[in-house]
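S.K.: Here's a structure for you.
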Amino acid sequence: MSFSVLIVTFFTWMILTSFTDVKELIVGFFVSLVVSIILKRFYGIRFDFKFPVRIIKFIFIYLPVFIWQMLKANFDVAVRVLNPSLPLNPGFVKIKTNLKKDAAKLALANSITLTPGTLTLDIEDDELIIHWIDVKTLDEKEKKEKIAGVFERILKGVYE
């Protein structure tokens, strides 16, 4: 059993139940204990001396960049909807990621999906399969930079 997983699971229980009764806390602790024992291999939570730094990087560096990229993509998709004469070139592309941890790859895939105009369909080893509303290039470096470049650089500092 991982103590870190137990703590995260128990705090999640407390948030979801509003921990108003001592009996709920006791039940929540034991449920969290069982869940953390069963699911410990699926969790990549580590509390080490770098954890606070990673949280700060995520909140103050990654989130503002993500919000800005999402706003730009929303504007681009809105312009395409309001002006149907703009050319579309939808297609599927693969990009190779340098991220090694599954949590980092998941965060990258979700960031791409939450940015309008792109949708991550699958992750195969180090490649992400993405539907792109306007395939601008087939060059490996260019398409990776346009779709995931800034996200990947920041997530590497957060997760690895």
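Labels for the structure tokens follow display order: chains A, B, ..., residues from 1 in each chain, ligands from 1.
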Within 8 Å of stretch 104-113 of chain A, which residues of stretch 60-99 of chain A come that close, and what is the closest atom pair and distance in Å for each? Count only C-alpha atoms and give it as a tab-separated table.

M.R.:
residue	atom	partner	partner_atom	distance
A:Phe66	CA	A:Ser111	CA	7.3
A:Thr97	CA	A:Lys105	CA	7.8
A:Leu99	CA	A:Lys105	CA	6.2

S.K.: Select from stretch 48-150 of chain A everything DSSP, run on the backbone, classes as helix (DSSP H, G or I), then give the selection as a PyMOL selection string.

M.R.: chain A and resi 51-82+102-114+140-150

S.K.: Please compute the atom CA of A:Ile154-atom CA of A:Phe58 distance, one decimal, in Å.

M.R.: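 We find that atom CA of A:Ile154 and atom CA of A:Phe58 lie 8.1 Å from each other.
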
S.K.: Nearest residue to A:Lys146 out of A:Phe49, A:Tyr159, A:Trp132, A:Trp13, using only C-alpha atoms?

M.R.: A:Trp132

S.K.: Can you pull out every residue within 12 Å of A:Gln69, counting only C-alpha atoms, but drop anything in the same chain fewer than 2 positions away, and send it as a short mmCIF file (atom, residue, chain, number, x, y, z; two decimals) with N, CA and C atoms, in the first residue's frame?

M.R.:
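Here's the written file result_17.cif:
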data_model
loop_
_atom_site.label_atom_id
_atom_site.label_comp_id
_atom_site.auth_asym_id
_atom_site.auth_seq_id
_atom_site.Cartn_x
_atom_site.Cartn_y
_atom_site.Cartn_z
N TYR A 62 1.81 26.35 -16.25
CA TYR A 62 1.06 25.56 -17.21
C TYR A 62 -0.36 26.08 -17.42
N LEU A 63 -1.10 26.30 -16.34
CA LEU A 63 -2.50 26.71 -16.48
C LEU A 63 -2.67 28.02 -17.26
N PRO A 64 -1.89 29.07 -17.01
CA PRO A 64 -2.05 30.27 -17.84
C PRO A 64 -1.74 30.02 -19.32
N VAL A 65 -0.72 29.23 -19.59
CA VAL A 65 -0.39 28.91 -20.99
C VAL A 65 -1.52 28.10 -21.61
N PHE A 66 -2.03 27.12 -20.89
CA PHE A 66 -3.13 26.31 -21.40
C PHE A 66 -4.36 27.17 -21.68
N ILE A 67 -4.70 28.06 -20.75
CA ILE A 67 -5.88 28.92 -20.94
C ILE A 67 -5.69 29.82 -22.16
N LEU A 71 -7.99 29.75 -25.51
CA LEU A 71 -8.68 30.93 -26.02
C LEU A 71 -8.36 31.17 -27.50
N LYS A 72 -7.08 31.03 -27.86
CA LYS A 72 -6.70 31.20 -29.27
C LYS A 72 -7.38 30.16 -30.15
N ALA A 73 -7.43 28.92 -29.70
CA ALA A 73 -8.06 27.85 -30.48
C ALA A 73 -9.57 28.07 -30.58
N ASN A 74 -10.20 28.52 -29.49
CA ASN A 74 -11.63 28.83 -29.53
C ASN A 74 -11.93 29.91 -30.56
N PHE A 75 -11.10 30.94 -30.57
CA PHE A 75 -11.28 32.02 -31.54
C PHE A 75 -11.13 31.49 -32.96
N ASP A 76 -10.12 30.65 -33.20
CA ASP A 76 -9.89 30.09 -34.53
C ASP A 76 -11.08 29.26 -35.00
N SER A 111 -4.86 17.96 -22.67
CA SER A 111 -4.66 19.36 -23.06
C SER A 111 -4.95 19.55 -24.54
N ILE A 112 -4.50 18.61 -25.35
CA ILE A 112 -4.75 18.68 -26.79
C ILE A 112 -6.25 18.56 -27.06
N THR A 113 -6.91 17.63 -26.38
CA THR A 113 -8.34 17.42 -26.59
C THR A 113 -9.17 18.62 -26.14
N LEU A 114 -8.77 19.25 -25.03
CA LEU A 114 -9.52 20.39 -24.52
C LEU A 114 -9.29 21.66 -25.31
N THR A 115 -8.33 21.64 -26.22
CA THR A 115 -8.08 22.77 -27.09
C THR A 115 -8.91 22.58 -28.36
N PRO A 116 -9.89 23.43 -28.62
CA PRO A 116 -10.76 23.24 -29.78
C PRO A 116 -9.97 23.13 -31.09
N GLY A 117 -10.45 22.23 -31.93
CA GLY A 117 -9.81 22.01 -33.23
C GLY A 117 -8.92 20.78 -33.24
N THR A 118 -8.66 20.20 -32.08
CA THR A 118 -7.86 18.98 -32.00
C THR A 118 -8.54 18.01 -31.03
N LYS A 146 3.09 22.77 -33.54
CA LYS A 146 1.80 23.45 -33.66
C LYS A 146 0.75 22.86 -32.71
N ILE A 147 0.77 21.54 -32.53
CA ILE A 147 -0.26 20.88 -31.72
C ILE A 147 0.13 20.82 -30.25
N ALA A 148 1.36 20.40 -29.95
CA ALA A 148 1.70 20.05 -28.57
C ALA A 148 2.96 20.69 -28.04
N GLY A 149 3.66 21.48 -28.83
CA GLY A 149 4.98 21.97 -28.45
C GLY A 149 5.06 22.63 -27.10
N VAL A 150 4.28 23.67 -26.88
CA VAL A 150 4.36 24.42 -25.63
C VAL A 150 3.85 23.58 -24.46
N PHE A 151 2.81 22.79 -24.69
CA PHE A 151 2.28 21.94 -23.62
C PHE A 151 3.33 20.94 -23.17
#

S.K.: With distances taken over only C-alpha atoms, which residue among A:Leu138, A:Leu82, A:Trp68, A:Phe60 lies nearest A:Ile95?

M.R.: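 For A:Ile95, the nearest of the given residues is A:Leu138.
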
S.K.: Have a look at A:Asp134, A:Lys143, A:Lys50, A:Val77 and name the one nearest to A:Lys96; count only C-alpha atoms.

M.R.: A:Lys143
